[in-house]
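Novice: What follows is data-v5.cif, made up of mmCIF, C-alpha atoms and all ligand atoms:
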data_data
#
loop_
_atom_site.label_atom_id
_atom_site.label_comp_id
_atom_site.auth_asym_id
_atom_site.auth_seq_id
_atom_site.Cartn_x
_atom_site.Cartn_y
_atom_site.Cartn_z
CA MET O 1 -25.51 -0.56 6.07
CA ASN O 2 -24.02 -1.10 2.67
CA THR O 3 -25.88 -3.92 0.96
CA ARG O 4 -24.18 -3.68 -2.42
CA ALA O 5 -21.79 -6.47 -3.42
CA PRO O 6 -18.12 -5.72 -2.80
CA ALA O 7 -16.29 -4.10 -5.72
CA VAL O 8 -13.35 -6.41 -5.12
CA GLN O 9 -13.35 -9.67 -3.27
CA ALA O 10 -10.38 -12.00 -3.12
CA ARG O 11 -10.38 -15.09 -0.97
CA GLN O 12 -7.40 -17.15 0.05
CA LEU O 13 -5.25 -16.39 -2.97
CA VAL O 14 -2.08 -18.45 -3.20
CA LYS O 15 0.60 -17.86 -5.80
CA THR O 16 3.99 -19.50 -6.01
CA TYR O 17 6.65 -18.50 -8.51
CA PRO O 18 9.35 -20.79 -9.87
CA GLY O 19 12.19 -21.20 -7.41
CA ASP O 20 9.70 -21.91 -4.60
CA VAL O 21 8.94 -18.23 -3.99
CA THR O 22 5.61 -17.93 -2.21
CA ALA O 23 4.35 -14.54 -3.37
CA LEU O 24 0.83 -14.98 -1.95
CA ASN O 25 0.02 -17.19 0.96
CA GLY O 26 -3.72 -16.94 1.64
CA MET O 27 -4.42 -13.36 0.58
CA ASP O 28 -7.90 -11.97 1.45
CA VAL O 29 -9.13 -8.60 0.22
CA THR O 30 -12.62 -7.07 0.29
CA VAL O 31 -13.21 -3.57 -1.06
CA GLU O 32 -16.60 -1.88 -0.72
CA PRO O 33 -17.87 0.07 -3.76
CA GLY O 34 -17.01 3.76 -3.92
CA THR O 35 -14.19 3.54 -1.40
CA VAL O 36 -10.42 3.87 -1.51
CA PHE O 37 -8.67 0.79 -0.22
CA GLY O 38 -4.94 0.64 0.42
CA LEU O 39 -2.79 -2.47 0.27
CA LEU O 40 0.20 -1.44 2.33
CA GLY O 41 3.34 -3.48 2.55
CA PRO O 42 7.09 -3.44 2.08
CA ASN O 43 8.74 -4.42 -1.21
CA GLY O 44 8.12 -8.05 -2.02
CA ALA O 45 5.11 -8.40 0.31
CA GLY O 46 2.87 -9.55 -2.56
CA LYS O 47 0.98 -6.37 -3.48
CA SER O 48 1.78 -6.40 -7.21
CA THR O 49 1.03 -10.11 -7.49
CA THR O 50 -2.39 -9.47 -5.93
CA VAL O 51 -3.06 -6.67 -8.39
CA LYS O 52 -1.91 -8.83 -11.31
CA ILE O 53 -4.40 -11.54 -10.34
CA LEU O 54 -7.25 -9.07 -9.79
CA THR O 55 -6.57 -7.42 -13.14
CA THR O 56 -6.46 -10.81 -14.95
CA LEU O 57 -2.74 -10.60 -15.80
CA ALA O 58 -1.84 -13.61 -13.65
CA ARG O 59 -3.63 -16.70 -12.38
CA PRO O 60 -3.56 -17.80 -8.76
CA ASP O 61 -2.51 -21.37 -7.89
CA SER O 62 -5.64 -21.47 -5.73
CA GLY O 63 -8.23 -19.13 -4.27
CA THR O 64 -11.01 -17.07 -5.85
CA ALA O 65 -11.54 -13.45 -6.80
CA THR O 66 -14.28 -11.25 -8.20
CA VAL O 67 -13.97 -7.69 -9.44
CA ALA O 68 -17.05 -5.55 -10.15
CA GLY O 69 -19.05 -8.73 -9.62
CA HIS O 70 -17.19 -10.75 -12.28
CA ASP O 71 -15.05 -13.79 -11.58
CA VAL O 72 -11.47 -13.07 -12.67
CA LEU O 73 -10.88 -16.63 -13.85
CA ARG O 74 -14.21 -17.35 -15.50
CA HIS O 75 -14.89 -13.93 -17.07
CA PRO O 76 -11.58 -12.11 -17.47
CA ASP O 77 -12.97 -10.16 -20.45
CA ARG O 78 -15.82 -8.71 -18.34
CA VAL O 79 -13.36 -7.82 -15.59
CA ARG O 80 -11.11 -6.03 -18.07
CA ARG O 81 -13.97 -3.88 -19.32
CA ALA O 82 -14.90 -2.87 -15.78
CA ILE O 83 -11.45 -1.88 -14.56
CA GLY O 84 -8.76 0.71 -15.15
CA VAL O 85 -5.18 -0.21 -14.39
CA VAL O 86 -2.29 2.12 -13.67
CA ALA O 87 0.74 -0.14 -13.45
CA GLN O 88 4.03 0.69 -11.77
CA ASN O 89 5.68 1.29 -15.11
CA SER O 90 4.07 3.79 -17.43
CA GLY O 91 2.05 2.34 -20.26
CA ALA O 92 2.21 5.55 -22.30
CA ASP O 93 4.03 5.67 -25.63
CA PRO O 94 6.92 8.09 -25.06
CA VAL O 95 7.20 9.23 -28.67
CA ALA O 96 3.48 9.97 -29.00
CA THR O 97 1.91 13.11 -27.52
CA GLY O 98 -0.28 13.08 -24.44
CA ARG O 99 -3.37 13.63 -26.59
CA GLU O 100 -2.38 10.85 -29.03
CA ASN O 101 -1.93 8.43 -26.13
CA LEU O 102 -5.36 9.24 -24.75
CA ARG O 103 -7.01 9.02 -28.19
CA LEU O 104 -5.45 5.63 -28.85
CA GLN O 105 -6.56 4.33 -25.48
CA GLY O 106 -10.09 5.65 -26.10
CA ARG O 107 -10.24 3.96 -29.51
CA LEU O 108 -9.14 0.66 -27.94
CA TYR O 109 -12.23 0.91 -25.77
CA GLY O 110 -14.50 1.71 -28.69
CA LEU O 111 -14.81 5.48 -28.36
CA ARG O 112 -15.05 7.37 -31.66
CA GLY O 113 -15.73 10.82 -33.07
CA ALA O 114 -17.16 13.57 -30.87
CA ALA O 115 -17.46 11.31 -27.81
CA LEU O 116 -13.76 10.47 -28.04
CA ASN O 117 -12.76 14.13 -28.48
CA ARG O 118 -14.90 15.16 -25.52
CA ARG O 119 -13.50 12.49 -23.22
CA VAL O 120 -9.89 13.26 -24.19
CA ASP O 121 -10.35 17.01 -23.64
CA GLU O 122 -12.08 16.37 -20.34
CA LEU O 123 -9.23 14.20 -19.06
CA LEU O 124 -6.50 16.56 -20.30
CA ASP O 125 -8.25 19.35 -18.47
CA ARG O 126 -8.86 17.46 -15.25
CA PHE O 127 -5.23 16.28 -15.05
CA THR O 128 -3.86 19.73 -16.03
CA LEU O 129 -2.27 18.41 -19.18
CA THR O 130 -4.08 20.60 -21.71
CA GLU O 131 -1.04 22.80 -22.32
CA ALA O 132 1.27 19.81 -22.71
CA ALA O 133 -1.24 17.80 -24.79
CA GLY O 134 0.61 18.34 -28.08
CA ARG O 135 4.07 17.48 -26.72
CA GLN O 136 5.76 14.09 -26.83
CA VAL O 137 5.46 12.24 -23.54
CA LYS O 138 9.22 11.65 -23.34
CA GLY O 139 9.58 15.36 -22.52
CA TYR O 140 7.09 15.20 -19.60
CA SER O 141 8.15 15.43 -15.96
CA GLY O 142 7.63 12.42 -13.68
CA GLY O 143 4.49 13.99 -12.21
CA MET O 144 3.01 14.75 -15.64
CA ARG O 145 3.65 11.19 -16.81
CA ARG O 146 2.00 9.81 -13.74
CA ARG O 147 -1.04 12.06 -14.24
CA LEU O 148 -1.24 10.90 -17.86
CA ASP O 149 -1.04 7.26 -16.69
CA VAL O 150 -4.01 7.80 -14.38
CA ALA O 151 -5.92 9.61 -17.15
CA LEU O 152 -5.24 6.65 -19.48
CA GLY O 153 -6.64 4.29 -16.86
CA LEU O 154 -9.85 6.32 -16.67
CA VAL O 155 -10.64 6.84 -20.37
CA HIS O 156 -13.43 4.22 -20.49
CA ARG O 157 -14.94 5.25 -17.13
CA PRO O 158 -14.08 2.08 -15.22
CA GLU O 159 -15.91 1.04 -12.06
CA VAL O 160 -12.74 0.00 -10.28
CA LEU O 161 -9.36 1.66 -10.67
CA PHE O 162 -6.16 -0.14 -9.68
CA LEU O 163 -3.23 2.10 -8.85
CA ASP O 164 -0.01 0.17 -8.30
CA GLU O 165 2.31 2.37 -6.25
CA PRO O 166 1.01 5.60 -7.79
CA THR O 167 3.64 7.91 -6.33
CA THR O 168 6.79 5.79 -6.28
CA GLY O 169 9.64 7.76 -7.81
CA LEU O 170 7.87 11.13 -7.64
CA ASP O 171 9.40 14.10 -5.87
CA PRO O 172 7.55 15.31 -2.74
CA GLU O 173 5.75 18.10 -4.58
CA ALA O 174 4.48 15.85 -7.37
CA ARG O 175 3.53 13.24 -4.76
CA THR O 176 1.38 15.72 -2.85
CA ALA O 177 -0.27 16.83 -6.11
CA MET O 178 -1.02 13.19 -6.97
CA TRP O 179 -2.48 12.60 -3.52
CA ASP O 180 -4.82 15.56 -4.02
CA GLU O 181 -5.83 14.21 -7.41
CA ILE O 182 -6.56 10.70 -6.11
CA GLY O 183 -8.53 12.16 -3.22
CA ARG O 184 -10.63 14.20 -5.65
CA LEU O 185 -11.21 11.21 -7.93
CA ALA O 186 -12.52 9.15 -5.09
CA GLY O 187 -14.76 11.89 -3.78
CA GLU O 188 -16.21 13.15 -7.04
CA GLU O 189 -16.71 10.15 -9.24
CA GLY O 190 -17.84 7.46 -6.79
CA LEU O 191 -15.11 5.28 -8.24
CA THR O 192 -13.70 2.34 -6.27
CA ILE O 193 -9.94 2.63 -5.98
CA LEU O 194 -7.57 -0.10 -4.90
CA LEU O 195 -4.10 1.27 -4.46
CA THR O 196 -0.90 -0.41 -3.42
CA THR O 197 1.78 1.50 -1.64
CA HIS O 198 4.81 1.05 0.50
CA TYR O 199 4.48 4.55 1.93
CA LEU O 200 2.84 4.51 5.34
CA GLU O 201 1.89 8.15 4.97
CA GLU O 202 0.23 7.55 1.62
CA ALA O 203 -2.01 4.79 2.99
CA ASP O 204 -2.81 6.88 6.04
CA ARG O 205 -3.79 9.85 3.97
CA LEU O 206 -5.65 8.30 1.04
CA ALA O 207 -7.17 5.03 2.07
CA GLU O 208 -10.44 4.71 3.98
CA ARG O 209 -9.42 1.16 4.78
CA VAL O 210 -5.95 -0.28 4.85
CA ALA O 211 -4.79 -3.89 4.75
CA ILE O 212 -1.24 -4.37 5.90
CA VAL O 213 0.37 -7.09 3.80
CA ASP O 214 3.35 -9.06 4.95
CA ARG O 215 4.80 -12.18 3.32
CA GLY O 216 1.87 -12.73 1.00
CA ARG O 217 -1.05 -12.30 3.36
CA VAL O 218 -2.96 -9.62 5.25
CA VAL O 219 -1.74 -9.32 8.81
CA VAL O 220 -4.26 -6.69 9.89
CA GLU O 221 -7.01 -4.59 8.29
CA GLY O 222 -9.11 -1.60 9.25
CA THR O 223 -9.38 2.17 8.94
CA PRO O 224 -6.03 3.89 9.57
CA ASP O 225 -7.48 5.47 12.70
CA SER O 226 -8.93 2.24 14.07
CA LEU O 227 -5.62 0.44 13.49
CA LYS O 228 -3.72 3.14 15.33
CA GLY O 229 -6.46 3.38 17.93
CA GLU O 230 -6.08 -0.32 18.77
CA LEU O 231 -2.65 0.54 20.03
CA ARG O 232 -3.65 2.06 23.33
CA GLY O 233 -1.94 5.20 24.57
CA ASP O 234 1.28 6.76 23.27
CA ALA O 235 4.13 5.16 21.42
CA VAL O 236 7.40 5.53 23.29
CA HIS O 237 10.48 4.91 21.17
CA VAL O 238 13.83 4.44 22.86
CA GLU O 239 17.08 3.95 21.02
CA LEU O 240 19.82 2.20 22.96
CA ARG O 241 23.52 2.69 22.38
CA GLU O 242 23.86 -1.08 21.83
CA ALA O 243 21.40 -3.81 20.88
CA PRO O 244 20.67 -6.06 23.86
CA GLY O 245 21.05 -9.83 23.55
CA GLU O 246 18.09 -12.16 23.96
CA ALA O 247 18.49 -12.50 27.72
CA GLY O 248 18.84 -8.73 28.03
CA ARG O 249 15.67 -8.18 25.99
CA THR O 250 13.62 -10.46 28.23
CA LEU O 251 14.93 -8.74 31.32
CA LEU O 252 14.32 -5.25 29.94
CA ALA O 253 10.83 -6.17 28.69
CA GLY O 254 9.95 -7.42 32.18
CA ALA O 255 11.33 -4.29 33.84
CA LEU O 256 9.51 -1.94 31.46
CA THR O 257 6.11 -3.61 31.35
CA GLY O 258 6.21 -3.82 35.16
CA LEU O 259 6.07 -0.02 35.32
CA PRO O 260 2.66 1.55 35.98
CA GLY O 261 0.89 2.55 32.75
CA VAL O 262 3.37 0.78 30.44
CA HIS O 263 1.79 -2.02 28.40
CA GLU O 264 4.14 -3.49 25.93
CA ALA O 265 7.80 -3.38 24.95
CA LEU O 266 8.83 -4.63 21.50
CA PHE O 267 12.48 -4.91 20.55
CA ASP O 268 13.99 -4.37 17.15
CA GLY O 269 17.79 -4.16 17.16
CA ARG O 270 18.77 -1.15 19.21
CA ARG O 271 15.20 0.18 19.30
CA ILE O 272 12.56 -0.43 21.90
CA SER O 273 8.96 0.47 21.09
CA ALA O 274 6.85 0.63 24.22
CA ARG O 275 3.27 1.75 24.74
CA ALA O 276 2.22 3.84 27.66
CA ASP O 277 -1.11 5.36 28.75
CA ASP O 278 0.65 8.70 29.02
CA GLY O 279 4.04 8.62 27.32
CA ALA O 280 5.38 11.84 28.78
CA ALA O 281 4.39 10.85 32.32
CA ALA O 282 5.91 7.36 31.96
CA MET O 283 9.19 8.54 30.45
CA PRO O 284 11.18 9.36 33.64
CA ALA O 285 10.38 5.98 35.25
CA LEU O 286 11.10 4.23 31.97
CA LEU O 287 14.52 5.86 31.60
CA ALA O 288 15.33 5.16 35.25
CA ALA O 289 14.42 1.47 34.77
CA LEU O 290 16.72 1.25 31.77
CA GLU O 291 19.53 2.92 33.70
CA ARG O 292 19.07 0.49 36.59
CA ALA O 293 19.31 -2.35 34.07
CA GLY O 294 22.69 -0.96 33.01
CA VAL O 295 21.87 0.00 29.40
CA THR O 296 22.72 3.37 27.84
CA VAL O 297 19.97 5.31 26.10
CA ALA O 298 20.96 7.22 22.93
CA ALA O 299 17.56 8.85 22.24
CA ALA O 300 13.95 8.70 23.39
CA THR O 301 10.73 10.08 21.88
CA VAL O 302 7.01 10.02 22.59
CA ALA O 303 4.43 10.10 19.78
CA ARG O 304 0.93 9.01 18.89
CA PRO O 305 1.03 5.49 17.41
CA SER O 306 1.68 5.48 13.65
CA LEU O 307 1.01 2.81 11.02
CA ASP O 308 4.68 1.91 11.52
CA ASP O 309 3.85 0.93 15.10
CA VAL O 310 0.85 -1.04 13.83
CA TYR O 311 3.09 -2.88 11.39
CA LEU O 312 5.66 -3.66 14.07
CA ARG O 313 2.90 -4.97 16.30
CA TYR O 314 1.47 -7.35 13.68
CA ALA O 315 4.46 -8.24 11.52
CA GLY O 316 6.93 -8.42 14.36
CA ARG O 317 9.52 -6.18 12.74
CA ARG O 318 9.95 -2.58 11.81
CA TYR O 319 8.52 -1.52 8.46
CA ALA O 320 11.71 -0.11 6.94
CA GLU O 321 13.62 -3.27 7.74
CA ALA O 322 11.21 -5.60 5.99
CA ASP O 323 12.87 -5.50 2.58
CA THR O 324 12.64 -7.85 -0.39
CA THR O 325 15.70 -9.89 0.56
CA ASP O 326 14.17 -10.66 3.90
CA SER O 327 10.80 -11.58 2.39
CA LEU O 328 12.46 -13.78 -0.20
CA ALA O 329 14.48 -15.65 2.38
CA LEU O 330 11.43 -16.14 4.56
CA ALA O 331 9.07 -16.94 1.72
CA GLY O 332 11.36 -19.73 0.59
CA GLY O 333 11.89 -20.89 4.14
CA ALA O 334 9.84 -22.55 6.80
CA ARG O 335 7.05 -19.96 7.12
N1 LIG N 401 7.66 -13.19 -12.04
C1 LIG N 401 8.19 -13.54 -10.87
N2 LIG N 401 9.04 -14.60 -10.75
C2 LIG N 401 9.56 -14.97 -9.56
N3 LIG N 401 9.31 -14.32 -8.38
C3 LIG N 401 8.49 -13.26 -8.44
C4 LIG N 401 7.90 -12.81 -9.67
N4 LIG N 401 7.13 -11.72 -9.39
C5 LIG N 401 7.23 -11.50 -8.06
N5 LIG N 401 8.04 -12.42 -7.47
C6 LIG N 401 8.38 -12.53 -6.05
O1 LIG N 401 7.16 -12.66 -5.34
C7 LIG N 401 7.18 -11.91 -4.12
C8 LIG N 401 6.06 -10.89 -4.11
O2 LIG N 401 6.31 -9.94 -5.12
P1 LIG N 401 5.35 -8.70 -5.46
O3 LIG N 401 5.93 -7.99 -6.65
O4 LIG N 401 3.96 -9.17 -5.53
O5 LIG N 401 5.53 -7.82 -4.16
P2 LIG N 401 5.19 -6.29 -3.94
O6 LIG N 401 4.67 -6.22 -2.56
O7 LIG N 401 4.32 -5.78 -5.01
O8 LIG N 401 6.58 -5.60 -4.01
P3 LIG N 401 7.09 -4.45 -5.01
O9 LIG N 401 6.63 -3.21 -4.38
O10 LIG N 401 8.57 -4.63 -4.98
O11 LIG N 401 6.47 -4.73 -6.36
C9 LIG N 401 8.56 -11.30 -4.04
O12 LIG N 401 9.37 -12.15 -3.27
C10 LIG N 401 9.01 -11.28 -5.49
O13 LIG N 401 10.41 -11.31 -5.58
#
Would you write out, as structure tokens, the structure that this file holds?
Ligand SMILES: Nc1ncnc2c1ncn2[C@@H]1O[C@H](COP(=O)(O)OP(=O)(O)OP(=O)(O)O)[C@@H](O)[C@H]1O
Specialist:
Amino acid sequence: MNTRAPAVQARQLVKTYPGDVTALNGMDVTVEPGTVFGLLGPNGAGKSTTVKILTTLARPDSGTATVAGHDVLRHPDRVRRAIGVVAQNSGADPVATGRENLRLQGRLYGLRGAALNRRVDELLDRFTLTEAAGRQVKGYSGGMRRRLDVALGLVHRPEVLFLDEPTTGLDPEARTAMWDEIGRLAGEEGLTILLTTHYLEEADRLAERVAIVDRGRVVVEGTPDSLKGELRGDAVHVELREAPGEAGRTLLAGALTGLPGVHEALFDGRRISARADDGAAAMPALLAALERAGVTVAAATVARPSLDDVYLRYAGRRYAEADTTDSLALAGGAR
């Protein structure tokens, strides 16, 4: 059992912005040392606000948080020394070179002389930026900039690294390269990494534990496999030609969950997500039941449950549909 104190612990964080926007509504996060933890949620869910509080850039209205054992409100200076932060927007100076950016960052943290040179060379090498080290950052590709951002966050060898949406805006190739790099960092350096993402695949691939955030709080947390494993059996997705009304949904849900081996039917517009012990075996009876109910099926698929299914299960709506506008309306509303 791990007896060390958590690297990050946030309890019941609440944060309201002017205009009655509830960004955080009882946010709890615990990250064990040396692990990669993913805060997964759609835009506006409250991930960045959580990171801002944990990195001492914002204060919660209520709640407590410690990072690397230091209280973020009482000892923000100690927290800042223990963390590296890679924000959504690059902190690098575009008219300086990659090497100049790293040197400046190192000096800010008190590195000088040979130690500074060594650390800068080491980071340029590890993030494959040695060749580009003498070029201005404004000429770098998106992937190179992102790698430099991460290198900047690591100059002073932090205990905890915060990565706020590390691959947003990167092309698929650069994203895969960044995933490899983050995976290596976690494995080799024993660093604790808290990353935020709105990519299901990214959380699935990188994070040992994932907390799914919706409307300013964690709706479910666990390893990606345990979360998917909680959803018994296969995910059966059916797309109807037309969205059923409320009465139709109740009727269809009853008809489907009455079939042998079918456990649950969740509706989201024209889509039905059902779970079945054996999706392929249940499909013919499922389609027949829908036909008997008089609805037309446009498409049907069977798959292992994904984090998208987990999100639907706990947030009550499909991941892609939970956009900022929705969160804003709900955050300001009765919830
Ligand atoms: N400075 C601010 N003033 C007012 N509202 C804000 C401010 N910052 C964030 N919000 C609102 O708080 C909520 C949570 O925002 P937050 O940025 O934490 O979400 P997020 O999950 O990180 O999303 P994104 O990926 O878009 O950054 C949203 O409704 C957002 O519009």
Novice: Do a neighbour search on region 136-152 of chain O at 7 Å with only C-alpha atoms, toss out local chain neighbours closer than 5 positions, and write the hits as a PDB file with C-alpha atoms, in the frame of the given file.
Specialist:
ATOM      1  CA  VAL O  86      -2.290   2.120 -13.670  1.00  0.00           C
ATOM      2  CA  SER O  90       4.070   3.790 -17.430  1.00  0.00           C
ATOM      3  CA  GLY O  91       2.050   2.340 -20.260  1.00  0.00           C
ATOM      4  CA  ALA O  92       2.210   5.550 -22.300  1.00  0.00           C
ATOM      5  CA  PRO O  94       6.920   8.090 -25.060  1.00  0.00           C
ATOM      6  CA  VAL O  95       7.200   9.230 -28.670  1.00  0.00           C
ATOM      7  CA  ALA O  96       3.480   9.970 -29.000  1.00  0.00           C
ATOM      8  CA  THR O  97       1.910  13.110 -27.520  1.00  0.00           C
ATOM      9  CA  GLY O  98      -0.280  13.080 -24.440  1.00  0.00           C
ATOM     10  CA  LEU O 102      -5.360   9.240 -24.750  1.00  0.00           C
ATOM     11  CA  GLN O 105      -6.560   4.330 -25.480  1.00  0.00           C
ATOM     12  CA  LEU O 123      -9.230  14.200 -19.060  1.00  0.00           C
ATOM     13  CA  PHE O 127      -5.230  16.280 -15.050  1.00  0.00           C
ATOM     14  CA  LEU O 170       7.870  11.130  -7.640  1.00  0.00           C
ATOM     15  CA  ALA O 174       4.480  15.850  -7.370  1.00  0.00           C
TER      16      ALA O 174
END
Novice: Can you measure atom C1 of ligand LIG 401 (chain N) to CA of Leu57 (chain O) for me? One decimal in Å is fine.
Specialist: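 A separation of 12.3 Å between them.
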Novice: Dump the neighbourhood of ligand LIG 401 (chain N) as a PDB file with C-alpha atoms, in the coordinates of the input: all residues within 6 Å, distances computed on all atoms listed in the file.
Specialist:
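This is the output file part.pdb:
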ATOM      1  CA  TYR O  17       6.650 -18.500  -8.510  1.00  0.00           C
ATOM      2  CA  PRO O  18       9.350 -20.790  -9.870  1.00  0.00           C
ATOM      3  CA  VAL O  21       8.940 -18.230  -3.990  1.00  0.00           C
ATOM      4  CA  ALA O  23       4.350 -14.540  -3.370  1.00  0.00           C
ATOM      5  CA  GLY O  41       3.340  -3.480   2.550  1.00  0.00           C
ATOM      6  CA  PRO O  42       7.090  -3.440   2.080  1.00  0.00           C
ATOM      7  CA  ASN O  43       8.740  -4.420  -1.210  1.00  0.00           C
ATOM      8  CA  GLY O  44       8.120  -8.050  -2.020  1.00  0.00           C
ATOM      9  CA  ALA O  45       5.110  -8.400   0.310  1.00  0.00           C
ATOM     10  CA  GLY O  46       2.870  -9.550  -2.560  1.00  0.00           C
ATOM     11  CA  LYS O  47       0.980  -6.370  -3.480  1.00  0.00           C
ATOM     12  CA  SER O  48       1.780  -6.400  -7.210  1.00  0.00           C
ATOM     13  CA  THR O  49       1.030 -10.110  -7.490  1.00  0.00           C
ATOM     14  CA  SER O 327      10.800 -11.580   2.390  1.00  0.00           C
ATOM     15  CA  LEU O 328      12.460 -13.780  -0.200  1.00  0.00           C
TER      16      LEU O 328
END
Novice: Counting only C-alpha atoms, what is within 7 Å of region 304-313 of chain O, bar same-chain residues fewer than 2 positions away, as an mmCIF file with C-alpha atoms, in the coordinates of the input?
Specialist:
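Generated file (result30.cif):
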data_model
loop_
_atom_site.group_PDB
_atom_site.id
_atom_site.type_symbol
_atom_site.label_atom_id
_atom_site.label_comp_id
_atom_site.auth_asym_id
_atom_site.auth_seq_id
_atom_site.Cartn_x
_atom_site.Cartn_y
_atom_site.Cartn_z
ATOM 1 C CA LEU O 200 2.840 4.510 5.340
ATOM 2 C CA LEU O 227 -5.620 0.440 13.490
ATOM 3 C CA LYS O 228 -3.720 3.140 15.330
ATOM 4 C CA LEU O 231 -2.650 0.540 20.030
ATOM 5 C CA ASP O 234 1.280 6.760 23.270
ATOM 6 C CA ALA O 235 4.130 5.160 21.420
ATOM 7 C CA ALA O 315 4.460 -8.240 11.520
ATOM 8 C CA GLY O 316 6.930 -8.420 14.360
ATOM 9 C CA ARG O 317 9.520 -6.180 12.740
ATOM 10 C CA ARG O 318 9.950 -2.580 11.810
ATOM 11 C CA TYR O 319 8.520 -1.520 8.460
#
Novice: Restricting the calculation to all atoms listed in the file, which member of O:Gly294, O:Pro284, O:Pro158, O:Pro244 is positioned closest to Arg270 (chain O)?
Specialist: O:Pro244
Novice: Report, in Å with one decimal, the straight-line distance from CA of Ala211 (chain O) to CA of Gly69 (chain O).
Specialist: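 Between CA of Ala211 (chain O) and CA of Gly69 (chain O) the gap works out to 20.8 Å.
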Novice: Report, in Å with one decimal, the straight-line distance from CA of Arg81 (chain O) to CA of Arg157 (chain O).
Specialist: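 Taking CA of Arg81 (chain O) and CA of Arg157 (chain O), their separation equals 9.4 Å.
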Novice: Identify, on the basis of only C-alpha atoms, every residue whose closest approach to Ile212 (chain O) does not exceed 6 Å; exclude the query and any residue fewer than 3 positions from it along the same chain; express the result as number ranges by chain.
Specialist: O: 40-41, 218-220
Novice: Using the atoms already present, construct N, CA and C atoms for region 6-22 of chain O and hand them back as a CSV table (one decimal), in the coordinates of the input.
Specialist:
chain,number,residue,atom,x,y,z
O,6,PRO,N,-19.4,-6.4,-2.8
O,6,PRO,CA,-18.1,-5.7,-2.8
O,6,PRO,C,-17.6,-5.5,-4.2
O,7,ALA,N,-16.9,-4.4,-4.4
O,7,ALA,CA,-16.3,-4.1,-5.7
O,7,ALA,C,-15.1,-5.1,-6.0
O,8,VAL,N,-14.4,-5.4,-5.0
O,8,VAL,CA,-13.4,-6.4,-5.1
O,8,VAL,C,-13.5,-7.4,-4.0
O,9,GLN,N,-13.4,-8.7,-4.3
O,9,GLN,CA,-13.4,-9.7,-3.3
O,9,GLN,C,-12.4,-10.8,-3.7
O,10,ALA,N,-11.3,-10.9,-2.9
O,10,ALA,CA,-10.4,-12.0,-3.1
O,10,ALA,C,-10.4,-12.9,-1.9
O,11,ARG,N,-10.4,-14.2,-2.1
O,11,ARG,CA,-10.4,-15.1,-1.0
O,11,ARG,C,-9.3,-16.1,-1.1
O,12,GLN,N,-8.4,-16.1,-0.1
O,12,GLN,CA,-7.4,-17.2,0.0
O,12,GLN,C,-6.6,-17.4,-1.2
O,13,LEU,N,-6.1,-16.2,-1.8
O,13,LEU,CA,-5.2,-16.4,-3.0
O,13,LEU,C,-3.9,-16.9,-2.6
O,14,VAL,N,-3.4,-17.9,-3.4
O,14,VAL,CA,-2.1,-18.4,-3.2
O,14,VAL,C,-1.4,-18.4,-4.6
O,15,LYS,N,-0.2,-17.9,-4.5
O,15,LYS,CA,0.6,-17.9,-5.8
O,15,LYS,C,2.1,-18.1,-5.5
O,16,THR,N,2.6,-19.1,-6.2
O,16,THR,CA,4.0,-19.5,-6.0
O,16,THR,C,4.7,-19.3,-7.3
O,17,TYR,N,5.9,-18.7,-7.3
O,17,TYR,CA,6.6,-18.5,-8.5
O,17,TYR,C,7.7,-19.6,-8.6
O,18,PRO,N,8.3,-19.8,-9.8
O,18,PRO,CA,9.4,-20.8,-9.9
O,18,PRO,C,10.5,-20.4,-8.9
O,19,GLY,N,11.1,-21.4,-8.4
O,19,GLY,CA,12.2,-21.2,-7.4
O,19,GLY,C,11.6,-21.2,-6.0
O,20,ASP,N,10.4,-21.7,-5.9
O,20,ASP,CA,9.7,-21.9,-4.6
O,20,ASP,C,9.5,-20.6,-3.9
O,21,VAL,N,9.2,-19.5,-4.6
O,21,VAL,CA,8.9,-18.2,-4.0
O,21,VAL,C,7.4,-18.1,-3.8
O,22,THR,N,7.0,-18.1,-2.5
O,22,THR,CA,5.6,-17.9,-2.2
O,22,THR,C,5.3,-16.4,-2.2
